[in-house]
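Raw contents of input-v2.cif, mmCIF, C-alpha atoms:
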data_upload
#
loop_
_atom_site.label_atom_id
_atom_site.label_comp_id
_atom_site.auth_asym_id
_atom_site.auth_seq_id
_atom_site.Cartn_x
_atom_site.Cartn_y
_atom_site.Cartn_z
CA MET A 1079 -31.42 -7.73 -7.13
CA ALA A 1080 -29.46 -9.74 -4.58
CA VAL A 1081 -28.55 -12.22 -7.33
CA ALA A 1082 -27.37 -9.40 -9.57
CA ALA A 1083 -25.26 -7.98 -6.77
CA THR A 1084 -23.74 -11.40 -6.09
CA CYS A 1085 -22.95 -11.84 -9.78
CA ALA A 1086 -21.33 -8.41 -9.87
CA TRP A 1087 -19.20 -9.36 -6.90
CA ALA A 1088 -18.26 -12.68 -8.47
CA GLN A 1089 -17.24 -10.91 -11.68
CA PHE A 1090 -15.39 -8.32 -9.63
CA ILE A 1091 -13.41 -10.93 -7.74
CA ASN A 1092 -12.70 -12.95 -10.89
CA ASP A 1093 -11.47 -9.85 -12.72
CA GLY A 1094 -9.16 -9.14 -9.83
CA LEU A 1095 -7.73 -12.63 -9.95
CA THR A 1096 -7.16 -12.82 -13.67
CA GLN A 1097 -5.50 -9.45 -14.08
CA PRO A 1098 -1.72 -9.54 -14.10
CA LYS A 1099 -0.29 -7.74 -11.09
CA PRO A 1100 2.83 -5.80 -12.09
CA ARG A 1101 5.77 -5.68 -9.78
CA ASN A 1102 6.29 -2.42 -7.93
CA GLY A 1103 7.45 0.34 -10.27
CA GLU A 1104 6.10 -1.16 -13.44
CA ALA A 1105 2.58 0.23 -13.26
CA VAL A 1106 3.49 3.01 -15.70
CA GLU A 1107 6.16 2.93 -18.35
CA TYR A 1108 7.57 5.88 -20.29
CA LEU A 1109 7.60 5.00 -23.97
CA TYR A 1110 9.03 7.90 -26.04
CA PRO A 1111 10.59 10.19 -27.21
CA GLU A 1112 14.04 9.50 -25.85
CA GLN A 1113 15.51 12.46 -27.72
CA VAL A 1114 14.01 15.68 -29.11
CA THR A 1115 15.50 18.65 -30.89
CA VAL A 1116 13.83 22.02 -30.33
CA ALA A 1117 14.52 25.64 -31.18
CA ALA A 1118 16.66 27.07 -28.38
CA GLY A 1119 15.03 29.77 -26.29
CA LYS A 1120 11.60 29.32 -27.83
CA PRO A 1121 8.54 27.53 -26.45
CA SER A 1122 8.29 24.10 -28.07
CA GLN A 1123 5.67 21.41 -27.84
CA VAL A 1124 6.76 17.86 -26.96
CA SER A 1125 4.33 14.95 -26.76
CA LEU A 1126 5.31 12.41 -24.10
CA HIS A 1127 3.91 8.91 -24.44
CA PHE A 1128 3.24 6.61 -21.48
CA ARG A 1129 1.77 3.15 -21.04
CA ILE A 1130 -0.15 1.84 -18.03
CA ALA A 1131 0.06 -1.87 -17.24
CA GLN A 1132 -2.94 -3.95 -18.24
CA GLY A 1133 -5.67 -4.11 -15.63
CA LEU A 1134 -4.51 -0.99 -13.82
CA HIS A 1135 -5.66 2.60 -13.86
CA ILE A 1136 -4.05 5.73 -12.46
CA ASN A 1137 -5.83 8.87 -11.32
CA SER A 1138 -6.05 11.60 -13.93
CA HIS A 1139 -4.55 15.03 -13.25
CA THR A 1140 -7.93 16.09 -11.89
CA PRO A 1141 -9.44 13.23 -9.84
CA HIS A 1142 -12.99 13.75 -8.60
CA ASP A 1143 -12.16 12.90 -4.99
CA GLU A 1144 -9.93 15.16 -2.92
CA PHE A 1145 -8.25 12.15 -1.26
CA LEU A 1146 -7.00 10.72 -4.55
CA ILE A 1147 -3.50 11.53 -5.75
CA PRO A 1148 -3.36 13.28 -9.14
CA THR A 1149 -0.93 12.41 -11.91
CA VAL A 1150 1.70 15.15 -12.12
CA PHE A 1151 4.61 15.62 -14.52
CA SER A 1152 7.56 17.83 -13.62
CA ILE A 1153 11.01 18.81 -14.81
CA PRO A 1154 13.55 19.74 -12.14
CA ALA A 1155 14.72 23.33 -12.27
CA GLY A 1156 18.23 24.29 -13.33
CA LYS A 1157 18.77 21.64 -16.01
CA GLY A 1158 18.73 24.01 -18.97
CA VAL A 1159 15.12 23.09 -19.78
CA LYS A 1160 12.05 24.78 -18.35
CA LEU A 1161 8.56 23.32 -18.34
CA THR A 1162 6.35 26.31 -19.14
CA HIS A 1163 3.02 24.54 -19.60
CA ILE A 1164 1.56 21.06 -19.75
CA ASP A 1165 -1.70 19.78 -21.15
CA TYR A 1166 -2.94 16.70 -19.34
CA PRO A 1167 -5.47 14.53 -21.14
CA LYS A 1168 -9.00 14.52 -19.81
CA GLY A 1169 -9.56 11.54 -17.57
CA ILE A 1170 -11.95 8.77 -18.46
CA ASP A 1171 -14.80 8.37 -16.00
CA ILE A 1172 -15.11 4.79 -14.75
CA THR A 1173 -16.94 3.10 -11.90
CA LEU A 1174 -15.84 -0.02 -10.09
CA PRO A 1175 -18.23 -2.95 -9.61
CA ALA A 1176 -17.81 -2.71 -5.86
CA ASN A 1177 -18.90 0.93 -5.86
CA PRO A 1178 -21.00 1.76 -8.91
CA GLN A 1179 -22.16 5.07 -7.39
CA GLU A 1180 -18.76 6.71 -7.45
CA LYS A 1181 -17.13 7.89 -10.64
CA LEU A 1182 -13.36 7.89 -10.89
CA SER A 1183 -11.44 10.07 -13.34
CA VAL A 1184 -8.57 7.92 -14.54
CA TYR A 1185 -6.09 7.13 -17.29
CA THR A 1186 -5.81 3.60 -18.63
CA ASN A 1187 -3.71 1.92 -21.33
CA ASP A 1188 -1.66 4.54 -23.24
CA PHE A 1189 -1.81 8.28 -22.59
CA ILE A 1190 0.00 11.35 -23.89
CA LEU A 1191 1.12 14.46 -22.05
CA ASP A 1192 1.71 17.55 -24.20
CA ALA A 1193 4.49 19.51 -22.57
CA GLN A 1194 5.58 22.99 -23.57
CA ILE A 1195 9.26 23.50 -22.86
CA VAL A 1196 11.91 26.14 -23.37
CA ALA A 1197 15.44 24.78 -23.76
CA GLU A 1198 18.71 26.68 -23.56
CA PRO A 1199 21.20 26.07 -26.39
CA GLY A 1200 23.04 22.79 -26.01
CA ASN A 1201 22.44 19.17 -25.14
CA HIS A 1202 20.47 18.56 -21.95
CA LEU A 1203 19.96 15.13 -20.47
CA VAL A 1204 16.83 15.81 -18.46
CA GLU A 1205 15.43 13.43 -15.87
CA ALA A 1206 11.83 14.55 -15.59
CA LYS A 1207 9.41 12.91 -13.16
CA LEU A 1208 5.94 11.46 -13.32
CA CYS A 1209 4.10 11.07 -10.03
CA PHE A 1210 1.03 8.83 -10.03
CA GLN A 1211 -0.93 6.38 -7.96
CA ALA A 1212 -2.21 3.17 -9.48
CA CYS A 1213 -5.03 0.80 -8.57
CA ASP A 1214 -6.80 -2.18 -10.05
CA GLN A 1215 -10.40 -3.06 -9.32
CA ARG A 1216 -9.66 -4.33 -5.81
CA GLU A 1217 -6.53 -2.73 -4.46
CA CYS A 1218 -4.23 0.24 -4.72
CA MET A 1219 -0.48 0.55 -4.88
CA PRO A 1220 1.43 3.27 -3.04
CA PRO A 1221 2.07 6.56 -4.86
CA LYS A 1222 5.05 6.29 -7.13
CA THR A 1223 7.43 8.64 -8.93
CA ILE A 1224 9.18 7.32 -12.01
CA PRO A 1225 12.03 8.99 -13.88
CA VAL A 1226 11.35 10.19 -17.41
CA ALA A 1227 14.71 10.49 -19.15
CA ILE A 1228 14.76 12.71 -22.23
CA ASP A 1229 17.73 14.00 -24.19
CA ILE A 1230 16.70 17.53 -25.19
CA ILE A 1231 18.81 19.34 -27.77
CA GLY A 1232 18.35 23.10 -28.03
CA LYS A 1233 19.51 24.45 -31.41
CA MET B 122 40.61 -42.07 26.22
CA PRO B 123 38.79 -39.43 28.32
CA LEU B 124 39.34 -35.78 27.39
CA PRO B 125 41.21 -33.64 29.88
CA ARG B 126 38.84 -31.64 32.08
CA ARG B 127 39.95 -28.28 30.63
CA LYS B 128 39.22 -29.48 27.07
CA THR B 129 35.79 -30.76 28.08
CA LEU B 130 34.92 -27.45 29.67
CA ALA B 131 36.09 -25.57 26.56
CA LEU B 132 33.95 -27.84 24.37
CA ILE B 133 30.87 -27.24 26.53
CA ALA B 134 31.49 -23.48 26.51
CA ALA B 135 31.90 -23.43 22.71
CA SER B 136 28.71 -25.47 22.25
CA ALA B 137 26.80 -23.13 24.55
CA LEU B 138 28.11 -20.11 22.64
CA LEU B 139 27.08 -21.63 19.29
CA PHE B 140 23.63 -22.40 20.69
CA LEU B 141 23.21 -18.81 21.91
CA ILE B 142 24.33 -17.41 18.52
CA ALA B 143 21.85 -19.70 16.73
CA LEU B 144 19.06 -18.65 19.10
CA ALA B 145 19.84 -14.95 18.64
CA SER B 146 19.90 -15.37 14.85
CA ARG B 147 16.52 -17.11 14.93
CA ARG B 148 15.02 -14.38 17.11
CA HIS B 149 16.43 -11.72 14.78
CA TRP B 150 15.05 -13.53 11.76
CA LYS B 151 11.63 -13.79 13.32
CA GLN B 152 11.55 -10.04 13.98
CA THR B 153 12.62 -9.01 10.49
CA PRO B 154 10.71 -10.91 7.78
CA THR B 155 11.88 -10.47 4.21
CA PRO B 156 10.48 -7.39 2.45
CA HIS B 157 7.44 -8.23 0.31
CA ALA B 158 7.19 -11.57 2.13
CA ASP B 159 4.43 -13.85 0.94
CA PRO B 160 1.51 -13.26 3.36
CA ALA B 161 1.02 -17.03 3.48
CA THR B 162 4.21 -17.21 5.52
CA PHE B 163 2.49 -15.23 8.31
CA ILE B 164 -0.33 -17.72 8.82
CA GLY B 165 -0.01 -19.60 12.07
CA LYS B 166 2.68 -17.26 13.40
CA PRO B 167 2.41 -14.73 16.21
CA ALA B 168 1.63 -11.25 14.91
CA PRO B 169 4.72 -9.05 15.33
CA ASP B 170 4.21 -6.61 18.17
CA PHE B 171 4.35 -2.86 17.57
CA ALA B 172 3.44 0.42 19.20
CA LEU B 173 1.94 3.33 17.27
CA LYS B 174 0.21 6.56 18.19
CA ASP B 175 -3.46 7.22 17.51
CA LEU B 176 -4.99 10.50 16.38
CA ASN B 177 -5.09 11.75 19.97
CA GLY B 178 -1.41 11.06 20.55
CA ARG B 179 -2.04 7.98 22.71
CA THR B 180 0.22 5.00 22.12
CA LEU B 181 -1.44 1.68 21.37
CA ARG B 182 0.64 -1.47 21.61
CA LEU B 183 -0.67 -4.55 19.82
CA SER B 184 0.19 -6.75 22.80
CA ASP B 185 -2.23 -4.64 24.88
CA LEU B 186 -5.02 -6.30 22.90
CA ARG B 187 -3.95 -9.85 23.79
CA GLY B 188 -7.08 -11.80 24.70
CA LYS B 189 -9.09 -10.21 21.89
CA ALA B 190 -9.44 -11.32 18.30
CA VAL B 191 -8.04 -8.47 16.21
CA LEU B 192 -8.34 -7.36 12.61
CA LEU B 193 -5.27 -5.32 11.64
CA ASN B 194 -6.31 -3.27 8.65
CA PHE B 195 -3.53 -1.52 6.69
CA TRP B 196 -5.09 1.31 4.67
CA ALA B 197 -4.37 4.72 3.17
CA THR B 198 -6.33 7.90 2.56
CA TRP B 199 -5.67 7.70 -1.21
CA CYS B 200 -6.99 4.13 -1.43
CA GLY B 201 -10.54 4.01 -2.77
CA PRO B 202 -11.18 0.35 -1.82
CA CYS B 203 -10.03 1.19 1.73
CA MET B 204 -12.63 3.92 1.99
CA LEU B 205 -15.26 1.53 0.71
CA GLU B 206 -14.60 -1.12 3.33
CA THR B 207 -14.30 1.27 6.29
CA PRO B 208 -18.07 1.33 7.06
CA TRP B 209 -18.17 -2.48 6.79
CA LEU B 210 -15.32 -2.79 9.29
CA SER B 211 -17.06 -0.37 11.64
CA ALA B 212 -20.31 -2.34 11.49
CA LEU B 213 -18.54 -5.68 11.96
CA ARG B 214 -16.46 -4.32 14.82
CA ASP B 215 -19.66 -3.20 16.58
CA LYS B 216 -21.38 -6.52 15.82
CA TYR B 217 -18.61 -8.69 17.33
CA ALA B 218 -17.12 -6.37 19.98
CA ARG B 219 -18.97 -8.13 22.81
CA GLN B 220 -17.38 -11.42 21.76
CA GLY B 221 -13.94 -9.92 22.26
CA PHE B 222 -13.23 -8.51 18.81
CA GLU B 223 -11.43 -5.32 17.85
CA VAL B 224 -10.39 -3.66 14.61
CA VAL B 225 -7.23 -1.58 14.41
CA GLY B 226 -6.86 0.68 11.38
CA ILE B 227 -3.25 1.43 10.48
CA SER B 228 -2.72 4.43 8.24
CA THR B 229 -0.04 3.52 5.70
CA GLU B 230 0.41 6.42 3.33
CA GLY B 231 3.47 4.91 1.63
CA GLU B 232 5.47 8.10 1.37
CA ASP B 233 8.46 6.91 3.44
CA LEU B 234 8.74 10.24 5.23
CA THR B 235 11.84 10.86 7.32
CA PRO B 236 11.26 11.57 11.03
CA ASN B 237 12.40 15.17 10.42
CA ASP B 238 9.89 15.86 7.65
CA SER B 239 7.47 17.75 9.88
CA ALA B 240 5.59 19.26 6.92
CA GLY B 241 5.08 15.82 5.40
CA HIS B 242 3.86 14.34 8.68
CA ALA B 243 1.53 17.31 9.21
CA ARG B 244 0.09 16.84 5.72
CA GLN B 245 -0.47 13.12 6.35
CA LEU B 246 -2.09 13.80 9.72
CA ALA B 247 -4.44 16.35 8.16
CA ALA B 248 -5.43 13.87 5.45
CA VAL B 249 -6.07 11.09 8.00
CA ARG B 250 -8.12 13.43 10.19
CA LYS B 251 -10.22 14.45 7.20
CA PHE B 252 -10.70 10.81 6.18
CA VAL B 253 -11.76 9.87 9.71
CA ALA B 254 -14.14 12.82 9.93
CA LEU B 255 -15.76 11.62 6.74
CA THR B 256 -15.95 7.88 7.45
CA HIS B 257 -16.35 7.83 11.28
CA PRO B 258 -14.63 4.48 11.95
CA SER B 259 -15.78 2.91 15.23
CA TYR B 260 -12.28 1.59 15.90
CA PRO B 261 -8.88 3.15 16.66
CA ILE B 262 -6.87 4.59 13.80
CA LEU B 263 -3.11 4.47 14.23
CA LEU B 264 -0.64 6.70 12.42
CA ASP B 265 2.70 6.07 10.72
CA GLY B 266 1.97 2.51 9.63
CA ASP B 267 4.87 2.82 7.18
CA SER B 268 7.23 2.41 10.12
CA ILE B 269 5.92 -1.11 10.86
CA CYS B 270 5.05 -2.28 7.34
CA ARG B 271 8.23 -4.30 7.08
CA LEU B 272 7.18 -6.40 10.06
CA TYR B 273 4.11 -7.45 8.10
CA GLY B 274 5.73 -8.20 4.76
CA ASP B 275 5.94 -4.67 3.35
CA GLN B 276 2.59 -4.84 1.59
CA GLU B 277 2.70 -3.89 -2.08
CA ALA B 278 -0.96 -2.97 -2.19
CA LEU B 279 -3.79 -1.82 0.06
CA PRO B 280 -6.04 -2.62 1.77
CA THR B 281 -4.38 -5.58 3.46
CA SER B 282 -5.91 -7.16 6.56
CA PHE B 283 -4.41 -9.59 9.05
CA TYR B 284 -6.78 -11.55 11.29
CA LEU B 285 -5.42 -12.47 14.72
CA ASN B 286 -6.99 -14.92 17.12
CA LYS B 287 -7.20 -14.20 20.84
CA GLU B 288 -3.72 -15.60 21.35
CA GLY B 289 -2.28 -13.08 18.88
CA VAL B 290 -1.67 -15.68 16.17
CA ILE B 291 -2.41 -14.74 12.54
CA VAL B 292 -5.17 -17.02 11.24
CA ALA B 293 -6.00 -15.31 7.92
CA VAL B 294 -4.78 -12.59 5.58
CA GLN B 295 -6.82 -10.71 2.99
CA MET B 296 -5.19 -8.62 0.30
CA GLY B 297 -7.34 -6.15 -1.57
CA LEU B 298 -11.03 -5.46 -1.18
CA HIS B 299 -13.15 -8.48 -0.33
CA PRO B 300 -16.92 -8.81 0.05
CA GLU B 301 -18.19 -8.00 3.51
CA SER B 302 -19.30 -11.62 3.91
CA GLU B 303 -15.72 -12.85 3.45
CA ILE B 304 -14.42 -10.32 5.96
CA GLU B 305 -17.03 -11.50 8.44
CA ALA B 306 -16.11 -15.15 7.83
CA ASP B 307 -12.49 -14.43 8.71
CA ILE B 308 -13.53 -12.48 11.80
CA ARG B 309 -15.46 -15.56 12.93
CA LYS B 310 -12.42 -17.67 12.20
CA ALA B 311 -10.30 -15.38 14.38
CA LEU B 312 -12.88 -15.50 17.17
CA ALA B 313 -13.01 -19.29 16.94
CA GLN B 314 -9.22 -19.43 17.44
CA GLN B 315 -8.43 -21.82 14.65
CA PRO B 316 -4.87 -20.99 13.68
CA ALA B 317 -4.39 -24.38 12.01
CA HIS B 318 -7.08 -23.53 9.45
CA GLY B 319 -5.70 -20.16 8.38
CA ALA B 320 -5.83 -19.00 4.81
CA VAL B 321 -4.64 -16.22 2.54
CA GLN B 322 -7.20 -14.66 0.24
CA GLN B 323 -6.12 -12.69 -2.78
#
What is this structure when it is put down as structure tokens?
Amino acid sequence: MAVAATCAWAQFINDGLTQPKPRNGEAVEYLYPEQVTVAAGKPSQVSLHFRIAQGLHINSHTPHDEFLIPTVFSIPAGKGVKLTHIDYPKGIDITLPANPQEKLSVYTNDFILDAQIVAEPGNHLVEAKLCFQACDQRECMPPKTIPVAIDIIGK
Amino acid sequence: MPLPRRKTLALIAASALLFLIALASRRHWKQTPTPHADPATFIGKPAPDFALKDLNGRTLRLSDLRGKAVLLNFWATWCGPCMLETPWLSALRDKYARQGFEVVGISTEGEDLTPNDSAGHARQLAAVRKFVALTHPSYPILLDGDSICRLYGDQEALPTSFYLNKEGVIVAVQMGLHPESEIEADIRKALAQQPAHGAVQQ
């Protein structure tokens, strides 16, 4: 058992060393869409695509532990576009080699947020926000908010 | 041909002034390392002094611990690996306390709150109190680590630990979660006062 634990630690440390460590701010990247056209004044569904850097995970919208910071998407008020509802994907349960007893609810790789918005007529350059907190298997980066720029046209 | 006395005096005064400017610049540089400085650059150097309040409002100054080997542990409530290593640090602190060893936990929530953000500070304090109530660290926990992060290289990730020997010199740095055995090895290194053999572990 001690040997197995040592091997797990060795693997754990090796994984940590081989994973690329992104510079601050690059843990999550907004992919697309850059522009959407929706019916003005009516609820419309928009799927927002994000990518998490290799080797990292971010907490899902509903982490299991109260101390962990959830992923939250928001659109600032007063920009001609209102976020009326958002469907977050269900997190994937993972455990880390250093703590196999505790399950973490996380997003990894690519994930999609389905946002329901209502846009006023016209062209709105919206700078939405995604708040998240990223970790790899050994360490965690501070909570981060990235801008999500979308050109929303209400017709 | 000898310089006139007035010129000689002016030359000496100018040299002294240049020396003082150079000294002041060096002191300033030493107190303000570059943001995101490579932790390796801290090895063998005196740990920058700071003063922070603990959960009871008492101020702890690092220089008050001179004469003890110290593990400065930068952590955050939202950091899973930090929570995992807290009981190890407590046990190791208790194991080596009689040899003159202390751990100082520095809460570093990374939110860059302004001094006037009372709601933000209250939220952070509540989170730290809850974390402490859950993990029962046997060592002091200091608040507002964000205000001193820059002195220690503005860590990009947590946990990050600096190991200081009894003279206050940094002998090792660990970034990220390490096995308890490696933490203990660096504590022994700090107790043995071997600044020349310092190392950074990633």
- Task: Report as a PyMOL selection string the set of chain B residues whose atoms approach chain A to within 10 Å, with distances computed over all atoms listed in the file.
- Result: chain B and resi 196-206+229-232+248-249+251-252+276-281+296-300+323
Write the residues of the preceding selection, restricted to C-alpha atoms, as a PDB file, in the coordinates of the input.
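File written: result02.pdb
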ATOM      1  CA  TRP B 196      -5.090   1.310   4.670  1.00  0.00           C
ATOM      2  CA  ALA B 197      -4.370   4.720   3.170  1.00  0.00           C
ATOM      3  CA  THR B 198      -6.330   7.900   2.560  1.00  0.00           C
ATOM      4  CA  TRP B 199      -5.670   7.700  -1.210  1.00  0.00           C
ATOM      5  CA  CYS B 200      -6.990   4.130  -1.430  1.00  0.00           C
ATOM      6  CA  GLY B 201     -10.540   4.010  -2.770  1.00  0.00           C
ATOM      7  CA  PRO B 202     -11.180   0.350  -1.820  1.00  0.00           C
ATOM      8  CA  CYS B 203     -10.030   1.190   1.730  1.00  0.00           C
ATOM      9  CA  MET B 204     -12.630   3.920   1.990  1.00  0.00           C
ATOM     10  CA  LEU B 205     -15.260   1.530   0.710  1.00  0.00           C
ATOM     11  CA  GLU B 206     -14.600  -1.120   3.330  1.00  0.00           C
ATOM     12  CA  THR B 229      -0.040   3.520   5.700  1.00  0.00           C
ATOM     13  CA  GLU B 230       0.410   6.420   3.330  1.00  0.00           C
ATOM     14  CA  GLY B 231       3.470   4.910   1.630  1.00  0.00           C
ATOM     15  CA  GLU B 232       5.470   8.100   1.370  1.00  0.00           C
ATOM     16  CA  ALA B 248      -5.430  13.870   5.450  1.00  0.00           C
ATOM     17  CA  VAL B 249      -6.070  11.090   8.000  1.00  0.00           C
ATOM     18  CA  LYS B 251     -10.220  14.450   7.200  1.00  0.00           C
ATOM     19  CA  PHE B 252     -10.700  10.810   6.180  1.00  0.00           C
ATOM     20  CA  GLN B 276       2.590  -4.840   1.590  1.00  0.00           C
ATOM     21  CA  GLU B 277       2.700  -3.890  -2.080  1.00  0.00           C
ATOM     22  CA  ALA B 278      -0.960  -2.970  -2.190  1.00  0.00           C
ATOM     23  CA  LEU B 279      -3.790  -1.820   0.060  1.00  0.00           C
ATOM     24  CA  PRO B 280      -6.040  -2.620   1.770  1.00  0.00           C
ATOM     25  CA  THR B 281      -4.380  -5.580   3.460  1.00  0.00           C
ATOM     26  CA  MET B 296      -5.190  -8.620   0.300  1.00  0.00           C
ATOM     27  CA  GLY B 297      -7.340  -6.150  -1.570  1.00  0.00           C
ATOM     28  CA  LEU B 298     -11.030  -5.460  -1.180  1.00  0.00           C
ATOM     29  CA  HIS B 299     -13.150  -8.480  -0.330  1.00  0.00           C
ATOM     30  CA  PRO B 300     -16.920  -8.810   0.050  1.00  0.00           C
ATOM     31  CA  GLN B 323      -6.120 -12.690  -2.780  1.00  0.00           C
TER      32      GLN B 323
END
Cut-off 10 Å around (-3.7, 2.8, -16.2) with only C-alpha atoms: residues as a PDB file with C-alpha atoms, keeping the file's coordinate frame:
ATOM      1  CA  ALA A1105       2.580   0.230 -13.260  1.00  0.00           C
ATOM      2  CA  VAL A1106       3.490   3.010 -15.700  1.00  0.00           C
ATOM      3  CA  PHE A1128       3.240   6.610 -21.480  1.00  0.00           C
ATOM      4  CA  ARG A1129       1.770   3.150 -21.040  1.00  0.00           C
ATOM      5  CA  ILE A1130      -0.150   1.840 -18.030  1.00  0.00           C
ATOM      6  CA  ALA A1131       0.060  -1.870 -17.240  1.00  0.00           C
ATOM      7  CA  GLN A1132      -2.940  -3.950 -18.240  1.00  0.00           C
ATOM      8  CA  GLY A1133      -5.670  -4.110 -15.630  1.00  0.00           C
ATOM      9  CA  LEU A1134      -4.510  -0.990 -13.820  1.00  0.00           C
ATOM     10  CA  HIS A1135      -5.660   2.600 -13.860  1.00  0.00           C
ATOM     11  CA  ILE A1136      -4.050   5.730 -12.460  1.00  0.00           C
ATOM     12  CA  ASN A1137      -5.830   8.870 -11.320  1.00  0.00           C
ATOM     13  CA  SER A1138      -6.050  11.600 -13.930  1.00  0.00           C
ATOM     14  CA  VAL A1184      -8.570   7.920 -14.540  1.00  0.00           C
ATOM     15  CA  TYR A1185      -6.090   7.130 -17.290  1.00  0.00           C
ATOM     16  CA  THR A1186      -5.810   3.600 -18.630  1.00  0.00           C
ATOM     17  CA  ASN A1187      -3.710   1.920 -21.330  1.00  0.00           C
ATOM     18  CA  ASP A1188      -1.660   4.540 -23.240  1.00  0.00           C
ATOM     19  CA  PHE A1189      -1.810   8.280 -22.590  1.00  0.00           C
ATOM     20  CA  PHE A1210       1.030   8.830 -10.030  1.00  0.00           C
ATOM     21  CA  GLN A1211      -0.930   6.380  -7.960  1.00  0.00           C
ATOM     22  CA  ALA A1212      -2.210   3.170  -9.480  1.00  0.00           C
ATOM     23  CA  CYS A1213      -5.030   0.800  -8.570  1.00  0.00           C
ATOM     24  CA  ASP A1214      -6.800  -2.180 -10.050  1.00  0.00           C
TER      25      ASP A1214
END
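If you look at atom CA of Pro208 of chain B and atom CA of Glu303 of chain B, they are 14.8 Å away from each other.
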Edge lengths and centre, in Å to one decimal, as AutoDock Vina command-line options: that's what I need for the box along x, y and z that holds all listed atoms of segment 1138-1143 of chain A plus 8 Å on each side.
--center_x -8.8 --center_y 13.8 --center_z -9.5 --size_x 24.4 --size_y 20.5 --size_z 24.9
Using atom CA of Gln295 of chain B and atom CA of Ser1183 of chain A as the two end points, give the distance in Å to one decimal.
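A separation of 26.8 Å between them.
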**Message:** Selection in question (the file shown): the PyMOL selection byres ((chain A and resi 1195) around 7). Which residues does it include, as a list in words?
**Reply:**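 Given this file, the PyMOL selection byres ((chain A and resi 1195) around 7) evaluates to Pro1121, Ser1122, Gln1123, Val1159, Lys1160, Leu1161, Thr1162, Ala1193, Gln1194, Val1196 and Ala1197 of chain A.
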| request: Could you tell me which residues the PyMOL selection byres ((chain A and resi 1139) around 8) returns for this structure, as a ChimeraX atom specification? | output: /A:1137-1138,1140-1141,1148-1150,1166-1169
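Between atom CA of Arg214 of chain B and atom CA of Arg271 of chain B lies a distance of 25.9 Å.
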Val1204 of chain A environment, 8 Å, all atoms listed in the file, sequence neighbours closer than 3 positions dropped, as a list in words: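 My list of contacting residues is Ile1153, Lys1157, Val1159, Val1226, Ala1227, Ile1228, Asp1229 and Ile1230 of chain A.
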* List the residues matched by the PyMOL selection byres ((chain A and resi 1224) around 8) in the displayed structure as number ranges by chain, ordered by chain and then by residue number. => A: 1103, 1207-1209, 1222-1223, 1225-1226
Next item on the list: Determine, counting all atoms listed in the file, which protein, DNA and RNA residues have an atom within 9 Å of an atom of Leu213 of chain B; residues of the same chain fewer than 2 positions away are not included. Present the result as a list of chain:residue names.
Entry: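 Here the answer would be B:Pro208, B:Trp209, B:Leu210, B:Ser211, B:Asp215, B:Lys216, B:Tyr217, B:Ala218, B:Val224, B:Glu301, B:Ile304, B:Glu305, B:Ile308.
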The residue from B:Pro167, B:Lys189, B:Gln245, B:Asn237 with the smallest atom-to-atom distance to Arg219 of chain B, counting all atoms listed in the file, is B:Lys189
Gly221 of chain B: which residues within 8 Å, counting all atoms listed in the file, same-chain residues fewer than 5 positions away excluded, as a PDB file with C-alpha atoms, in the coordinates of the input?
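Wrote it out as out28.pdb, contents follow:
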ATOM      1  CA  GLY B 188      -7.080 -11.800  24.700  1.00  0.00           C
ATOM      2  CA  LYS B 189      -9.090 -10.210  21.890  1.00  0.00           C
ATOM      3  CA  ALA B 190      -9.440 -11.320  18.300  1.00  0.00           C
ATOM      4  CA  LEU B 312     -12.880 -15.500  17.170  1.00  0.00           C
TER       5      LEU B 312
END
Between A:Ala1206, A:Asp1171, A:Val1116, A:Leu1109, single out the one closest to Gly1232 of chain A, counting only C-alpha atoms.
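Distance minimum relative to Gly1232 of chain A lands on A:Val1116.
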Fill in: Nearby residues (all atoms listed in the file) at most 8 Å from Pro1111 of chain A, same-chain spacing under 4 positions excluded, as an MDAnalysis selection string
chainID A and resid 1125:1127 1228
